[in-house]
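In what follows, a single structure is set out as structure tokens and then discussed.
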There are 2 protein chains.
Amino acid sequence: MQFPSGPTRRVVLGGLAALPLLRAARAQTPAGSDPLPSWNQGAAKAAILDLVRATTDPASPNFIAPEARIATFDQDGTTWVEHPIYTQVVYCLERVTAVVEAKPELKNVEPFKTVLSGNRAAIEELPQKDLLTLVAATLTGMSVDQFQAEAEKWIARAKHPRWDRLYTELTYQPMLEVMHYLRANGYKTYIVTGGGQDFVRSYAERVYGIPPEQVIGTALSLTYGYDKDGKPMLTREPKLLLNDNFAGKPESIHLEIGRRPIIAFGNSTGDRQMLEYAKAGAGARAALLVLHDDATREYAYGPTQGLPDTKVGTFTQELFDEATSNGWLVISMKSDWKKIFSFE
Amino acid sequence: MQFPSGPTRRVVLGGLAALPLLRAARAQTPAGSDPLPSWNQGAAKAAILDLVRATTDPASPNFIAPEARIATFDQDGTTWVEHPIYTQVVYCLERVTAVVEAKPELKNVEPFKTVLSGNRAAIEELPQKDLLTLVAATLTGMSVDQFQAEAEKWIARAKHPRWDRLYTELTYQPMLEVMHYLRANGYKTYIVTGGGQDFVRSYAERVYGIPPEQVIGTALSLTYGYDKDGKPMLTREPKLLLNDNFAGKPESIHLEIGRRPIIAFGNSTGDRQMLEYAKAGAGARAALLVLHDDATREYAYGPTQGLPDTKVGTFTQELFDEATSNGWLVISMKSDWKKIFSFE
């Protein structure tokens, strides 16, 4: 089936919102308070509440022991803004200045020269091999401790140009509520990101309440060695160990968790296999995709929005079709979220 | 310095046992009960109790927030018997029969022929490349779910010939007590094994109380795909992804945990880097090595025992020297452990 556009699409996404009021009500917390206050009543909210009730009620046929309650979240575009450019790419480009200060001979060498020019169009045109050169120069060669210290320092001050707010303020309030709600119900929440594992770890505990050992991401090879004082150190190498995108997501989930998620959240084709893998498990499962359809409060992009594809995560027609036929839920930012950011 | 042998060695290992009675007493649980009843009073027991007190008392200068309390344990030779042959190698060899049943044409092909002959000496002589052929044939090519089901089935019945008891009964009672004691004090306990990550995961929760996501080990590459019914599956490939021995241990610890252990336990050169890495962190840290010096109750082996080296984990003179000069503790199975197995 084709992704419905215009009025039809709104009926599918918005119309579902009217239906399951009763189910949503049943799944609320005992005190009657709403654990997901930034969510409008709708199919997505109901699916989350239903799954938690079904898996945590000892009388339920789908009850899951607390230790097997695993929830995985993609990050970019799922738990925070990814548009117009991934935060970690901004970090990588900004670090070029520091790299060139340390090695001035790079100033007139490509691709450093182009990055330093600030010519956005030219930067966006850089070929893959130049991007890899930039990653190697800016994100490798240092110890993991040094990388973490630098990333922490940067993320504490780096701001998104559109809102002039810290990137870490641009996390989606409804998703933070889901993480909190799942944890309050015995779930272990994981970030499973195509972004750098160590980069996300540098703020995940503070921002998402997710400790480093529950952040899975793209990872470089490390080399154990000793510094000049003979102290052990781990050095980041310019060699990819885990590419945590597409099929790499379930592969890394097995490597670093060893259990299949009960519920998984994504927003692009890079999350497709993770959602398939979660949904294919036995018993109650849920897979949800965030659809960026709110240009006013955030962004609207990707083919399903009738807009040209972008360089960041893509919600394709094919992904929508798979979601529809496999019982995944689509979260419309416009219809399902009362509030997107905490500061609204 | 040379590893002392005979009476001198006993003074070093046994003599320390007499010293820190007071420190050990201070570190006991509030109720006055001994959290490590299978341990004799001694330097090793005192070091464990002291570390826990120093890192969990909010008034201590070495207090560590609960989320950073990470403890890592090697498995073979550290938490269970590794002699005369690693349990997983037994599994691999026993699986040859099943593999040949499925593919009878392998019966007369090396190295399968030698394994099926049961000629122990010839099996031990098999070159590295033949062992890799066996690993590929017996432990790869199936889904991770199938591998887990088969490993669970085997470990539930496989017995060690010397004791005629399940391998899982041959875990060291003193180490189970340490794991329990650390967890009761907010520590997250991890297995960090040179053995197969998925193999150890198949029983670690039941045997050690350690969930799969806290088992780190040697890991193969996985491939995400679909079975004949179109259901997602992860297949174990005959390709090494993580070699969790030597430098691979701290590298995997960073990859799968992202924090440096506060306390680490090992028993061989394969654990050296993990112990160095743990001990080199800031604040209170502890690194402990199990010395197999009790041929009566378990085994005595390795150069430090004046015995020929074996094919399994080696406690070398060099390792002993590093332990001595870096303030690591040596756990003498003979002197430090009142009881080795729970069934004694």
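Letters A, B, ... go to the chains of the structure tokens in the order shown; residues in each chain start at 1; ligands are counted from 1 in the same order.
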**Message:** Based on only C-alpha atoms, which of the residues in chain A come within 6 Å of chain B? I want them as number ranges by chain.
**Reply:** A: 212-213, 222, 224, 232, 247, 251, 256-258, 277
Please, which residues of region 155-307 of chain B, numbered as in this document, come out helix (DSSP H, G or I) from DSSP, as a tab-separated table (two decimals) with C-alpha atoms, in the first residue's frame?
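So result.tsv came out as:
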```tsv
chain	number	residue	atom	x	y	z
B	155	ILE	CA	25.64	-27.70	30.54
B	167	TYR	CA	30.68	-28.36	35.76
B	168	THR	CA	28.31	-25.80	37.19
B	169	GLU	CA	28.76	-27.36	40.64
B	173	GLN	CA	32.12	-21.12	46.82
B	174	PRO	CA	34.39	-18.30	48.09
B	175	MET	CA	34.03	-16.46	44.78
B	176	LEU	CA	30.24	-16.89	44.75
B	177	GLU	CA	30.28	-15.31	48.22
B	178	VAL	CA	32.36	-12.39	46.94
B	179	MET	CA	29.95	-11.82	44.05
B	180	HIS	CA	27.00	-11.88	46.39
B	181	TYR	CA	28.73	-9.60	48.90
B	182	LEU	CA	29.67	-7.08	46.22
B	183	ARG	CA	26.14	-7.02	44.81
B	184	ALA	CA	24.71	-6.58	48.30
B	197	GLN	CA	30.42	-14.86	25.59
B	198	ASP	CA	27.29	-16.70	24.48
B	199	PHE	CA	28.41	-19.99	26.00
B	200	VAL	CA	28.87	-18.45	29.44
B	201	ARG	CA	25.66	-16.46	29.09
B	202	SER	CA	23.74	-19.72	28.72
B	203	TYR	CA	24.20	-20.47	32.45
B	204	ALA	CA	25.65	-17.34	34.12
B	205	GLU	CA	22.37	-16.03	35.47
B	206	ARG	CA	21.48	-19.35	37.09
B	207	VAL	CA	24.99	-20.18	38.32
B	208	TYR	CA	26.49	-16.80	39.24
B	212	PRO	CA	23.61	-12.03	30.06
B	213	GLU	CA	24.22	-8.31	29.61
B	214	GLN	CA	26.89	-8.56	32.32
B	248	GLY	CA	41.26	-7.70	24.70
B	249	LYS	CA	39.83	-7.72	28.23
B	250	PRO	CA	40.14	-4.01	29.02
B	251	GLU	CA	39.21	-3.22	25.40
B	252	SER	CA	35.99	-5.24	25.71
B	253	ILE	CA	35.30	-3.79	29.14
B	254	HIS	CA	35.32	-0.33	27.65
B	255	LEU	CA	33.22	-1.47	24.69
B	256	GLU	CA	30.53	-3.24	26.71
B	269	THR	CA	48.42	-13.89	32.25
B	270	GLY	CA	45.23	-13.57	30.19
B	271	ASP	CA	43.88	-11.38	33.01
B	272	ARG	CA	46.98	-9.24	33.47
B	273	GLN	CA	45.80	-6.23	31.48
B	274	MET	CA	42.35	-6.27	33.06
B	275	LEU	CA	43.89	-6.18	36.52
B	276	GLU	CA	46.37	-3.46	35.55
B	277	TYR	CA	43.54	-1.41	34.09
B	278	ALA	CA	41.35	-1.76	37.19
B	279	LYS	CA	44.19	-1.04	39.61
B	303	PRO	CA	55.45	-22.25	36.86
B	304	THR	CA	54.78	-20.61	40.21
B	305	GLN	CA	54.02	-24.05	41.55
```
**Prompt:** CA of Asp244 (chain A) and CA of Tyr172 (chain A), how far apart in Å?
**Reply:** 21.8 Å
**Item:** Residue contacts of Lys188 (chain B) (8 Å, only C-alpha atoms) excluding same-chain residues fewer than 2 positions away, as a PyMOL selection string
**Value:** chain B and resi 69-71+182-183+186+190
**Item:** For Leu289 (chain A), the nearest of the candidates A:Val96, A:Ala44, A:Leu51, A:Ala156, counting only C-alpha atoms
**Value:**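 Answer, going by the shortest atom-to-atom distance: A:Ala44.
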**Item:** Exercise: region 58-61 of chain A partners within 12 Å, only C-alpha atoms, chain neighbours under 5 positions left out, as a list in words
**Value:**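 Close residues of region 58-61 of chain A: Asp50, Leu51, Val52, Arg53, Pro66, Ala282, Gly283 and Ala284 of chain A.
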Could you save the residues just selected, with N, CA and C atoms, as a compact mmCIF listing (two decimals), in the first residue's frame?
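Contents of out12.txt, as written:
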```txt
# COMPACT_ATOMS: atom_id res chain seq x y z
N ASP A 50 -0.37 -0.29 27.12
CA ASP A 50 -0.84 -1.68 27.04
C ASP A 50 0.32 -2.66 27.19
N LEU A 51 1.41 -2.37 26.50
CA LEU A 51 2.54 -3.29 26.57
C LEU A 51 3.06 -3.39 27.99
N VAL A 52 3.17 -2.26 28.66
CA VAL A 52 3.70 -2.28 30.03
C VAL A 52 2.74 -3.05 30.94
N ARG A 53 1.46 -2.82 30.78
CA ARG A 53 0.52 -3.56 31.62
C ARG A 53 0.61 -5.06 31.35
N PRO A 66 11.18 -9.39 35.40
CA PRO A 66 11.84 -8.08 35.34
C PRO A 66 13.18 -8.09 34.61
N ALA A 282 8.72 -13.70 20.90
CA ALA A 282 7.47 -14.30 21.39
C ALA A 282 6.78 -13.39 22.40
N GLY A 283 5.47 -13.54 22.55
CA GLY A 283 4.73 -12.76 23.55
C GLY A 283 4.45 -11.35 23.09
N ALA A 284 4.09 -10.50 24.06
CA ALA A 284 3.76 -9.12 23.74
C ALA A 284 5.02 -8.34 23.39
```
**Request:** Can you check which residues of region 57-232 of chain B DSSP gives as strand (DSSP E) on the backbone and send them as a ChimeraX atom specification?
**Result:** /B:70-73,159-160,165-166,188-196,215-226,232
**Prompt:** So, counting only C-alpha atoms, which residue among B:Phe63, B:Phe341, B:Trp154, B:Phe315 is closest to Thr87 (chain B)?
**Reply:**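 Once distances to Thr87 (chain B) are computed over only C-alpha atoms, the minimum belongs to B:Trp154.
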**Request:** Skip Ala98 (chain B) itself and residues of its chain fewer than 3 positions away, then list as a VMD selection string all residues within 12 Å of it, counting only C-alpha atoms.
**Result:** chain B and resid 91 to 95 101 to 104 106 to 107 112 116 137 to 139 150
**Prompt:** Residues at most 12 Å from Glu125 (chain A), counting only C-alpha atoms, excluding those fewer than 4 positions away in the same chain, as a ChimeraX atom specification?
**Reply:** /A:111,114-115,119-121,129-131,311
